[in-house]
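Colleague: What follows is protein17.txt; its format and atoms are compact mmCIF, C-alpha atoms and all ligand atoms.
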# COMPACT_ATOMS: atom_id res chain seq x y z
CA MET A 22 9.37 -36.10 58.27
CA ILE A 23 6.80 -35.27 55.64
CA TYR A 24 3.91 -32.85 55.44
CA ILE A 25 1.00 -35.06 54.44
CA GLY A 26 -2.72 -34.47 54.36
CA CYS A 27 -5.75 -34.68 52.16
CA HIS A 28 -8.47 -32.62 50.67
CA LEU A 29 -11.14 -31.65 53.24
CA SER A 30 -14.60 -30.14 53.09
CA VAL A 31 -14.91 -26.56 54.32
CA THR A 32 -18.54 -27.09 55.35
CA ASP A 33 -17.88 -26.86 59.10
CA GLY A 34 -15.45 -23.98 58.84
CA TYR A 35 -11.69 -23.50 58.93
CA GLU A 36 -10.73 -24.51 62.44
CA ALA A 37 -12.83 -27.64 62.03
CA MET A 38 -10.67 -28.70 59.08
CA GLY A 39 -7.53 -28.29 61.16
CA LYS A 40 -9.01 -30.41 63.94
CA THR A 41 -10.08 -33.07 61.46
CA MET A 42 -6.58 -33.25 60.02
CA VAL A 43 -4.99 -33.58 63.46
CA GLU A 44 -7.38 -36.43 64.07
CA PHE A 45 -6.45 -38.01 60.69
CA GLY A 46 -2.79 -37.87 61.71
CA GLY A 47 -1.80 -35.38 59.00
CA ASN A 48 -0.08 -31.99 59.14
CA THR A 49 -1.33 -30.13 56.06
CA PHE A 50 -4.54 -30.13 54.05
CA ALA A 51 -6.33 -28.75 51.04
CA PHE A 52 -9.80 -27.30 50.70
CA PHE A 53 -11.86 -25.59 48.06
CA THR A 54 -12.10 -21.86 48.58
CA ARG A 55 -15.69 -22.21 47.35
CA ASN A 56 -18.05 -24.86 46.06
CA PRO A 57 -15.94 -26.71 43.45
CA ARG A 58 -18.69 -26.99 40.84
CA GLY A 59 -20.82 -23.94 41.50
CA GLY A 60 -19.30 -20.72 42.68
CA LYS A 61 -20.87 -20.12 46.07
CA THR A 62 -18.58 -19.21 48.92
CA LYS A 63 -18.50 -20.32 52.51
CA GLU A 64 -17.91 -17.12 54.47
CA ILE A 65 -14.93 -17.27 56.74
CA THR A 66 -15.03 -15.29 59.97
CA ARG A 67 -11.99 -13.64 61.54
CA GLU A 68 -12.48 -15.74 64.68
CA ASP A 69 -12.55 -18.98 62.73
CA ALA A 70 -9.49 -17.99 60.69
CA SER A 71 -7.43 -17.02 63.72
CA ALA A 72 -8.45 -20.21 65.51
CA LEU A 73 -7.11 -22.15 62.54
CA ASN A 74 -3.92 -20.06 62.45
CA GLU A 75 -3.33 -20.89 66.12
CA LEU A 76 -3.87 -24.57 65.50
CA LEU A 77 -1.52 -24.63 62.49
CA LYS A 78 1.24 -23.09 64.58
CA LYS A 79 0.65 -25.27 67.63
CA GLU A 80 0.52 -28.50 65.62
CA GLN A 81 3.43 -27.44 63.38
CA PHE A 82 1.55 -27.87 60.14
CA GLY A 83 3.18 -27.35 56.77
CA PRO A 84 1.67 -24.83 54.37
CA LEU A 85 -1.95 -25.44 53.41
CA VAL A 86 -2.78 -25.78 49.72
CA ALA A 87 -6.14 -24.12 49.06
CA HIS A 88 -7.72 -25.00 45.73
CA GLY A 89 -9.47 -22.52 43.43
CA SER A 90 -12.79 -23.42 41.86
CA TYR A 91 -12.93 -25.76 38.85
CA THR A 92 -15.30 -23.29 37.24
CA MET A 93 -12.70 -20.52 37.36
CA ASN A 94 -11.35 -20.17 33.83
CA LEU A 95 -9.15 -17.13 33.33
CA CYS A 96 -8.66 -17.85 29.63
CA SER A 97 -12.10 -18.84 28.38
CA ALA A 98 -13.09 -17.59 24.93
CA LYS A 99 -16.19 -16.13 26.62
CA PRO A 100 -15.44 -12.72 28.17
CA GLU A 101 -18.12 -13.16 30.86
CA THR A 102 -16.56 -16.46 31.97
CA ARG A 103 -13.16 -14.80 32.14
CA ASP A 104 -14.55 -11.89 34.15
CA ASN A 105 -16.31 -14.26 36.48
CA GLY A 106 -13.08 -16.22 36.93
CA PHE A 107 -11.21 -13.03 37.67
CA ASP A 108 -13.72 -12.06 40.38
CA MET A 109 -13.32 -15.50 41.99
CA LEU A 110 -9.53 -15.21 41.91
CA LYS A 111 -9.60 -11.77 43.46
CA GLN A 112 -12.02 -12.73 46.24
CA ASP A 113 -10.15 -15.97 46.93
CA LEU A 114 -6.84 -14.17 47.34
CA GLN A 115 -8.46 -11.59 49.60
CA ARG A 116 -9.88 -14.37 51.74
CA MET A 117 -6.50 -16.14 51.84
CA GLU A 118 -5.04 -13.09 53.59
CA MET A 119 -6.90 -14.21 56.72
CA ILE A 120 -4.72 -17.33 56.79
CA PRO A 121 -1.38 -15.80 55.72
CA GLY A 122 1.61 -17.86 54.65
CA ASN A 123 -0.26 -20.55 52.78
CA TYR A 124 -0.64 -21.62 49.16
CA TYR A 125 -3.43 -21.03 46.68
CA ASN A 126 -3.43 -23.55 43.85
CA PHE A 127 -5.59 -23.43 40.73
CA HIS A 128 -5.97 -25.02 37.33
CA PRO A 129 -4.47 -22.53 34.89
CA GLY A 130 -7.47 -22.80 32.58
CA ALA A 131 -8.73 -24.03 29.23
CA HIS A 132 -8.30 -21.77 26.20
CA THR A 133 -11.49 -23.15 24.60
CA GLY A 134 -10.28 -22.62 21.05
CA GLN A 135 -8.39 -19.34 21.46
CA GLY A 136 -5.04 -21.05 21.23
CA VAL A 137 -2.39 -21.73 23.85
CA GLU A 138 -0.58 -18.45 23.38
CA THR A 139 -3.66 -16.30 23.94
CA GLY A 140 -4.67 -18.47 26.88
CA ILE A 141 -1.31 -18.11 28.56
CA ARG A 142 -1.35 -14.35 28.07
CA GLN A 143 -4.84 -14.01 29.58
CA ILE A 144 -3.94 -16.13 32.61
CA ALA A 145 -0.82 -14.07 33.28
CA GLU A 146 -2.72 -10.81 32.80
CA ALA A 147 -5.35 -11.85 35.32
CA LEU A 148 -2.66 -12.80 37.83
CA ASN A 149 -0.83 -9.53 37.30
CA ARG A 150 -4.01 -7.60 38.03
CA VAL A 151 -4.44 -9.16 41.49
CA MET A 152 -1.07 -10.26 42.75
CA THR A 153 0.89 -7.76 44.79
CA PRO A 154 4.34 -7.87 46.41
CA GLU A 155 2.58 -7.32 49.76
CA MET A 156 0.32 -10.36 49.63
CA HIS A 157 0.97 -13.26 52.02
CA THR A 158 -0.05 -16.11 49.76
CA THR A 159 1.95 -17.95 47.14
CA VAL A 160 -0.06 -18.72 44.03
CA LEU A 161 0.53 -22.17 42.55
CA LEU A 162 -0.22 -23.26 38.99
CA GLU A 163 -1.18 -26.92 38.88
CA THR A 164 0.41 -29.32 36.41
CA MET A 165 -2.45 -30.60 34.26
CA ALA A 166 -3.27 -33.77 32.32
CA GLY A 167 -3.62 -31.83 29.06
CA LYS A 168 -7.28 -32.79 28.59
CA GLY A 169 -9.07 -30.89 25.80
CA SER A 170 -7.80 -27.32 25.56
CA GLU A 171 -6.40 -27.32 29.09
CA ILE A 172 -3.26 -25.24 29.59
CA GLY A 173 -0.54 -26.61 31.85
CA GLY A 174 -0.17 -30.11 30.37
CA THR A 175 3.48 -29.32 29.64
CA PHE A 176 6.14 -27.75 31.84
CA GLU A 177 6.84 -25.28 29.01
CA GLU A 178 3.33 -23.82 29.25
CA LEU A 179 3.63 -23.31 33.00
CA ALA A 180 7.08 -21.77 32.56
CA GLU A 181 5.67 -19.31 30.05
CA ILE A 182 2.91 -18.19 32.45
CA ILE A 183 5.49 -17.74 35.21
CA ARG A 184 7.73 -15.76 32.84
CA LEU A 185 4.88 -13.29 32.29
CA VAL A 186 3.94 -12.94 35.97
CA ALA A 187 5.42 -9.86 37.61
CA CYS A 188 5.45 -11.01 41.27
CA LYS A 189 8.09 -13.68 40.77
CA ASP A 190 8.50 -14.43 44.47
CA LYS A 191 4.78 -15.23 44.88
CA ILE A 192 4.33 -17.76 42.08
CA GLY A 193 5.07 -21.47 41.99
CA VAL A 194 3.83 -24.85 40.80
CA CYS A 195 1.83 -27.64 42.39
CA PHE A 196 2.98 -30.96 40.94
CA ASP A 197 0.01 -33.31 40.53
CA THR A 198 1.42 -36.82 40.11
CA CYS A 199 -1.71 -38.18 38.37
CA HIS A 200 -1.94 -35.24 35.99
CA THR A 201 1.76 -35.18 35.11
CA TRP A 202 1.70 -38.91 34.37
CA ASP A 203 -1.48 -38.58 32.31
CA ALA A 204 0.15 -35.69 30.46
CA GLY A 205 2.89 -38.06 29.29
CA TYR A 206 5.72 -37.66 31.82
CA ASP A 207 6.97 -41.10 32.81
CA LEU A 208 7.10 -40.96 36.59
CA VAL A 209 7.31 -44.75 36.86
CA ASN A 210 10.39 -45.49 34.78
CA ASP A 211 12.29 -42.26 35.15
CA PHE A 212 11.10 -39.90 37.86
CA ASP A 213 14.57 -38.36 38.10
CA ARG A 214 14.44 -37.41 34.46
CA VAL A 215 11.01 -35.83 34.88
CA LEU A 216 12.34 -33.74 37.76
CA LYS A 217 15.42 -32.83 35.74
CA ARG A 218 13.17 -31.69 32.93
CA PHE A 219 11.08 -29.70 35.43
CA ASP A 220 14.24 -28.10 36.71
CA GLU A 221 15.48 -27.17 33.23
CA VAL A 222 12.15 -25.74 32.07
CA ILE A 223 10.63 -24.22 35.23
CA GLY A 224 13.22 -24.53 37.97
CA LEU A 225 12.84 -26.91 40.91
CA GLU A 226 12.69 -24.00 43.35
CA ARG A 227 9.20 -23.31 41.95
CA LEU A 228 7.93 -26.78 42.85
CA MET A 229 6.21 -25.97 46.14
CA ALA A 230 3.53 -28.58 46.66
CA VAL A 231 2.52 -32.03 45.47
CA HIS A 232 -0.94 -33.41 44.70
CA PHE A 233 -0.20 -37.00 45.59
CA ASN A 234 -2.51 -39.13 43.46
CA ASP A 235 -2.30 -42.42 41.65
CA SER A 236 -3.86 -42.61 38.17
CA LYS A 237 -6.56 -44.84 36.71
CA ASN A 238 -4.99 -44.49 33.26
CA PRO A 239 -1.70 -45.13 31.48
CA CYS A 240 0.98 -42.52 30.86
CA GLY A 241 0.01 -40.02 28.18
CA SER A 242 -3.73 -40.80 28.35
CA HIS A 243 -4.68 -37.14 29.02
CA LYS A 244 -7.58 -38.40 31.13
CA ASP A 245 -7.27 -36.99 34.69
CA ARG A 246 -8.92 -39.76 36.70
CA HIS A 247 -7.33 -40.12 40.15
CA GLU A 248 -6.84 -43.50 41.79
CA LYS A 249 -6.22 -44.54 45.39
CA LEU A 250 -2.63 -44.49 46.59
CA GLY A 251 -0.70 -47.35 44.99
CA GLU A 252 -3.76 -48.88 43.31
CA GLY A 253 -3.34 -47.32 39.89
CA TYR A 254 -0.78 -47.20 37.10
CA LEU A 255 1.80 -45.43 39.25
CA GLY A 256 1.69 -48.16 41.87
CA PRO A 257 3.04 -48.34 45.43
CA GLU A 258 6.75 -48.39 44.60
CA THR A 259 6.63 -45.27 42.48
CA MET A 260 4.46 -43.43 44.99
CA LYS A 261 6.91 -44.26 47.75
CA LYS A 262 9.88 -43.22 45.63
CA ILE A 263 8.23 -39.88 44.87
CA ALA A 264 7.36 -39.19 48.51
CA GLN A 265 10.90 -39.99 49.62
CA HIS A 266 12.66 -38.03 46.87
CA THR A 267 15.06 -35.52 48.37
CA ALA A 268 14.07 -32.84 45.84
CA LEU A 269 10.57 -32.87 47.32
CA ALA A 270 11.55 -32.92 50.98
CA GLY A 271 9.61 -30.46 53.11
CA LYS A 272 6.85 -29.85 50.52
CA PRO A 273 3.22 -30.40 51.45
CA PHE A 274 1.82 -33.60 49.92
CA ILE A 275 -1.94 -33.53 49.39
CA LEU A 276 -3.97 -36.67 48.69
CA GLU A 277 -6.81 -36.09 46.23
CA THR A 278 -7.49 -39.78 45.93
CA PRO A 279 -11.04 -41.17 45.67
CA ASN A 280 -11.58 -41.94 49.36
CA ASP A 281 -13.89 -41.49 52.32
CA ASP A 282 -12.54 -40.36 55.71
CA GLU A 283 -11.45 -43.86 56.62
CA GLY A 284 -9.57 -44.23 53.34
CA TYR A 285 -7.74 -40.94 53.86
CA ARG A 286 -6.77 -41.87 57.41
CA LYS A 287 -5.35 -45.09 56.05
CA GLU A 288 -3.39 -43.45 53.23
CA ILE A 289 -1.96 -40.78 55.54
CA GLY A 290 -0.83 -43.64 57.80
CA ILE A 291 0.81 -45.45 54.89
CA VAL A 292 2.77 -42.38 53.83
CA LYS A 293 3.86 -41.62 57.39
CA ASP A 294 5.11 -45.19 57.74
CA TRP A 295 7.51 -44.56 54.84
CA PHE A 296 9.25 -41.99 57.03
CA ARG A 297 9.63 -44.02 60.20
FE FE B 301 -6.64 -29.61 40.97
FE FE B 302 -4.72 -31.96 41.62
ZN ZN B 303 -7.19 -34.12 38.69
Take the structure I supplied and represent it as structure tokens, if you would.
Ligand code: FE
Ligand code: FE
Ligand code: ZN
Modeller:
Amino acid sequence: MIYIGCHLSVTDGYEAMGKTMVEFGGNTFAFFTRNPRGGKTKEITREDASALNELLKKEQFGPLVAHGSYTMNLCSAKPETRDNGFDMLKQDLQRMEMIPGNYYNFHPGAHTGQGVETGIRQIAEALNRVMTPEMHTTVLLETMAGKGSEIGGTFEELAEIIRLVACKDKIGVCFDTCHTWDAGYDLVNDFDRVLKRFDEVIGLERLMAVHFNDSKNPCGSHKDRHEKLGEGYLGPETMKKIAQHTALAGKPFILETPNDDEGYRKEIGIVKDWFR
């Protein structure tokens, strides 16, 4: 058994995404909490949220992995960008309370010249201002490709953010296979070693979700261009090995591959076949 799904558009509301995923054959999904490029929010109604909650229970979905906006940068050198990012984070986490028990993943941020240390501190400070022991969402930091001044291209950077976060039981990591590969971790030749490294630096118990993407670029390219499942540098064997790895059993796997609906249906089918 695996929790597999893909990224969906929130345009038609929350319950609609659940229905779409049932129809795709999956049992988890991801969605942007707001327009990924701009910042505008789709308002969620209580009725829509509870309809989705019902569906998730009935269809035995795994945790959903909501995705924060790309424009949210908690460690920008510009104070107004940081403030804006903080407002998004706060609103997103408030909204997530309507669908309790799920994950909220975001890109840690880009320090834009301030330096990694300052960036890490600002990210952790922002999280500490909004996260509470009472909240019903686990916040996930995404492993990044290490493009430009992006933070999170190494496990050490993520570990340092986590070390500074007060609500330790509400913080984890989303392992993006394309990003981690692009960052220089060799998932093809030694996935076990990458996981061992993750365990030593962060702790495997923090690995709570997977962004299941192939990559258009070689290991260490720092590019972040996703490829269809098995059609990139990771290839079908590695993707299958990752999906079947016992250390990742029971985690939601989210496809963020360049696909239309038909392509996602197909990839969900491929992954499910690995578990028959
Ligand atoms: Fe992402
Ligand atoms: Fe991702
Ligand atoms: Zn990416």
Colleague: Per residue of chain A within 12 Å of ligand FE 302 (chain B), record the nearest atom pair and its distance in Å to one decimal, counting all atoms listed in the file, with rows in chain order and ascending residue number, as CSV.
Modeller:
residue,atom,partner,partner_atom,distance
A:Cys27,CA,B:FE302,FE,10.9
A:His28,CA,B:FE302,FE,9.8
A:Ala51,CA,B:FE302,FE,10.1
A:Phe52,CA,B:FE302,FE,11.4
A:Phe53,CA,B:FE302,FE,11.5
A:Val86,CA,B:FE302,FE,10.4
A:Ala87,CA,B:FE302,FE,10.9
A:His88,CA,B:FE302,FE,8.6
A:Gly89,CA,B:FE302,FE,10.7
A:Ser90,CA,B:FE302,FE,11.8
A:Tyr91,CA,B:FE302,FE,10.7
A:Asn126,CA,B:FE302,FE,8.8
A:Phe127,CA,B:FE302,FE,8.6
A:His128,CA,B:FE302,FE,8.3
A:Pro129,CA,B:FE302,FE,11.6
A:Leu161,CA,B:FE302,FE,11.1
A:Leu162,CA,B:FE302,FE,10.1
A:Glu163,CA,B:FE302,FE,6.7
A:Thr164,CA,B:FE302,FE,7.8
A:Met165,CA,B:FE302,FE,7.8
A:Ala166,CA,B:FE302,FE,9.6
A:Gly173,CA,B:FE302,FE,11.9
A:Val194,CA,B:FE302,FE,11.2
A:Cys195,CA,B:FE302,FE,7.9
A:Phe196,CA,B:FE302,FE,7.8
A:Asp197,CA,B:FE302,FE,5.0
A:Thr198,CA,B:FE302,FE,8.0
A:Cys199,CA,B:FE302,FE,7.6
A:His200,CA,B:FE302,FE,7.1
A:Thr201,CA,B:FE302,FE,9.7
A:Trp202,CA,B:FE302,FE,11.9
A:Asp203,CA,B:FE302,FE,11.9
A:Ala230,CA,B:FE302,FE,10.2
A:Val231,CA,B:FE302,FE,8.2
A:His232,CA,B:FE302,FE,5.1
A:Phe233,CA,B:FE302,FE,7.8
A:Asn234,CA,B:FE302,FE,7.7
A:Asp235,CA,B:FE302,FE,10.7
A:Ser236,CA,B:FE302,FE,11.2
A:Asp245,CA,B:FE302,FE,8.9
A:Arg246,CA,B:FE302,FE,10.1
A:His247,CA,B:FE302,FE,8.7
A:Glu248,CA,B:FE302,FE,11.7
A:Phe274,CA,B:FE302,FE,10.7
A:Ile275,CA,B:FE302,FE,8.4
A:Leu276,CA,B:FE302,FE,8.5
A:Glu277,CA,B:FE302,FE,6.5
A:Thr278,CA,B:FE302,FE,9.3
A:Pro279,CA,B:FE302,FE,11.9
Colleague: Fewer than 5 positions away in the same chain doesn't count, so skip those; otherwise give me all residues within 8 Å of region 131-143 of chain A, counting all atoms listed in the file, as a list in words.
Modeller: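 The neighbour list is Asn94, Leu95, Cys96, Ser97, Ala98, Gly169, Ser170, Glu171, Ile172, Glu178, Glu181, Ile182 and Leu185 of chain A.
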Colleague: Kindly indicate which residue among A:Gly251, A:Gly167, A:Gly122, A:Gly284 lies nearest to ligand ZN 303 (chain B), using all atoms listed in the file for the distances.
Modeller: A:Gly167
Colleague: Could you check how far CA of Thr92 (chain A) sits from CA of Gly106 (chain A), in Å to one decimal?
Modeller: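 So the answer is 7.4 Å.
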Colleague: Tell me, as a ChimeraX atom specification, which residues lie within 12 Å of Ala37 (chain A), counting all atoms listed in the file; anything in the same chain fewer than 6 positions away does not count.
Modeller: /A:29-31,43-44,50,52,65,69-70,72-74,76-77
Colleague: Mind giving me the axis-aligned box for region 176-191 of chain A with 4 Å on every side, centre plus edges in Å to one decimal, as lines of an AutoDock Vina configuration file?
Modeller:
center_x = 5.7
center_y = -18.8
center_z = 36.9
size_x = 13.6
size_y = 25.9
size_z = 23.9
Colleague: Quote the spacing between CA of Gly83 (chain A) and CA of Arg227 (chain A) in Å to one decimal place.
Modeller: 16.5 Å
Colleague: Please write as number ranges by chain the list of polymer residues whose atoms come within 10 Å of (3.7, -15.6, 36.0), counting only C-alpha atoms and keeping to the coordinates of the file.
Modeller: A: 141-142, 144-149, 152, 160-162, 179-193
Colleague: For each of A:Tyr125, A:Arg214, A:Ala264, A:Arg67, take the minimum atom-to-atom distance to ligand FE 301 (chain B), counting all atoms listed in the file, then give the residue where this is smallest.
Modeller: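 With all atoms listed in the file as the atom set, the closest residue is A:Tyr125.
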Colleague: Which of these residues is nearest to ligand FE 301 (chain B), using all atoms listed in the file: A:Met260, A:Thr41, A:Pro239, A:Gly130?
Modeller: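 The shortest atom-to-atom distance to ligand FE 301 (chain B) comes from A:Gly130.
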Colleague: By how many Å are CA of Ile289 (chain A) and CA of Glu75 (chain A) apart?
Modeller: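 Between CA of Ile289 (chain A) and CA of Glu75 (chain A) the gap is 22.6 Å.
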Colleague: I need the residue nearest Ile223 (chain A) from this list: A:Thr49, A:Thr66, A:Thr175, A:Thr267. Use only C-alpha atoms for the distance.
Modeller: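 Of A:Thr49, A:Thr66, A:Thr175, A:Thr267, the one nearest Ile223 (chain A), counting only C-alpha atoms, is A:Thr175.
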Colleague: Place all heavy atoms on region 123-134 of chain A and deliver the coordinates as a CSV table (one decimal), in the coordinates of the input.
Modeller:
chain,number,residue,atom,x,y,z
A,123,ASN,N,0.1,-19.3,53.4
A,123,ASN,CA,-0.3,-20.6,52.8
A,123,ASN,C,-0.3,-20.4,51.3
A,123,ASN,O,0.1,-19.4,50.7
A,123,ASN,CB,-1.6,-21.0,53.3
A,123,ASN,CG,-1.5,-21.4,54.8
A,123,ASN,OD1,-0.8,-22.3,55.2
A,123,ASN,ND2,-2.2,-20.6,55.7
A,124,TYR,N,-0.6,-21.6,50.6
A,124,TYR,CA,-0.6,-21.6,49.2
A,124,TYR,C,-2.1,-21.6,48.6
A,124,TYR,O,-3.0,-22.2,49.2
A,124,TYR,CB,0.1,-22.9,48.7
A,124,TYR,CG,1.5,-23.0,49.1
A,124,TYR,CD1,2.1,-24.3,49.2
A,124,TYR,CD2,2.3,-21.9,49.3
A,124,TYR,CE1,3.4,-24.4,49.6
A,124,TYR,CE2,3.6,-22.0,49.7
A,124,TYR,CZ,4.2,-23.3,49.8
A,124,TYR,OH,5.5,-23.4,50.2
A,125,TYR,N,-2.2,-21.0,47.4
A,125,TYR,CA,-3.4,-21.0,46.7
A,125,TYR,C,-3.2,-21.6,45.3
A,125,TYR,O,-2.5,-21.0,44.5
A,125,TYR,CB,-4.0,-19.6,46.5
A,125,TYR,CG,-5.2,-19.5,45.7
A,125,TYR,CD1,-6.5,-19.8,46.2
A,125,TYR,CD2,-5.1,-19.0,44.3
A,125,TYR,CE1,-7.6,-19.7,45.4
A,125,TYR,CE2,-6.3,-18.9,43.5
A,125,TYR,CZ,-7.5,-19.3,44.1
A,125,TYR,OH,-8.6,-19.2,43.3
A,126,ASN,N,-3.7,-22.8,45.1
A,126,ASN,CA,-3.4,-23.6,43.8
A,126,ASN,C,-4.7,-23.5,42.9
A,126,ASN,O,-5.8,-23.5,43.4
A,126,ASN,CB,-3.1,-25.0,44.2
A,126,ASN,CG,-3.3,-26.0,43.1
A,126,ASN,OD1,-2.4,-26.1,42.2
A,126,ASN,ND2,-4.4,-26.7,43.0
A,127,PHE,N,-4.4,-23.4,41.6
A,127,PHE,CA,-5.6,-23.4,40.7
A,127,PHE,C,-5.2,-24.0,39.4
A,127,PHE,O,-4.0,-24.1,39.1
A,127,PHE,CB,-6.2,-22.0,40.6
A,127,PHE,CG,-5.4,-21.1,39.7
A,127,PHE,CD1,-5.8,-20.8,38.4
A,127,PHE,CD2,-4.3,-20.5,40.2
A,127,PHE,CE1,-5.0,-20.0,37.6
A,127,PHE,CE2,-3.6,-19.6,39.4
A,127,PHE,CZ,-3.9,-19.3,38.1
A,128,HIS,N,-6.2,-24.5,38.7
A,128,HIS,CA,-6.0,-25.0,37.3
A,128,HIS,C,-5.8,-23.8,36.4
A,128,HIS,O,-6.7,-23.0,36.4
A,128,HIS,CB,-7.2,-25.9,36.9
A,128,HIS,CG,-7.4,-27.1,37.7
A,128,HIS,ND1,-8.4,-28.0,37.5
A,128,HIS,CD2,-6.7,-27.6,38.8
A,128,HIS,CE1,-8.3,-29.0,38.4
A,128,HIS,NE2,-7.3,-28.7,39.2
A,129,PRO,N,-4.7,-23.7,35.7
A,129,PRO,CA,-4.5,-22.5,34.9
A,129,PRO,C,-5.6,-22.1,34.0
A,129,PRO,O,-6.0,-20.9,33.9
A,129,PRO,CB,-3.2,-22.9,34.1
A,129,PRO,CG,-2.5,-23.9,34.9
A,129,PRO,CD,-3.6,-24.7,35.6
A,130,GLY,N,-6.3,-23.1,33.4
A,130,GLY,CA,-7.5,-22.8,32.6
A,130,GLY,C,-7.5,-23.6,31.3
A,130,GLY,O,-6.6,-24.3,30.9
A,131,ALA,N,-8.6,-23.4,30.5
A,131,ALA,CA,-8.7,-24.0,29.2
A,131,ALA,C,-9.0,-22.9,28.2
A,131,ALA,O,-9.9,-22.1,28.4
A,131,ALA,CB,-9.9,-25.0,29.3
A,132,HIS,N,-8.2,-22.9,27.1
A,132,HIS,CA,-8.3,-21.8,26.2
A,132,HIS,C,-9.5,-21.8,25.3
A,132,HIS,O,-9.8,-20.9,24.6
A,132,HIS,CB,-7.0,-21.6,25.4
A,132,HIS,CG,-6.7,-22.7,24.5
A,132,HIS,ND1,-7.4,-23.0,23.3
A,132,HIS,CD2,-5.8,-23.7,24.5
A,132,HIS,CE1,-6.9,-24.0,22.7
A,132,HIS,NE2,-5.9,-24.5,23.4
A,133,THR,N,-10.2,-22.9,25.3
A,133,THR,CA,-11.5,-23.2,24.6
A,133,THR,C,-11.4,-22.6,23.2
A,133,THR,O,-12.3,-21.9,22.7
A,133,THR,CB,-12.7,-22.5,25.4
A,133,THR,OG1,-12.5,-21.1,25.5
A,133,THR,CG2,-12.9,-23.2,26.7
A,134,GLY,N,-10.4,-22.9,22.5
A,134,GLY,CA,-10.3,-22.6,21.0
A,134,GLY,C,-9.5,-21.4,20.7
A,134,GLY,O,-9.2,-21.1,19.5
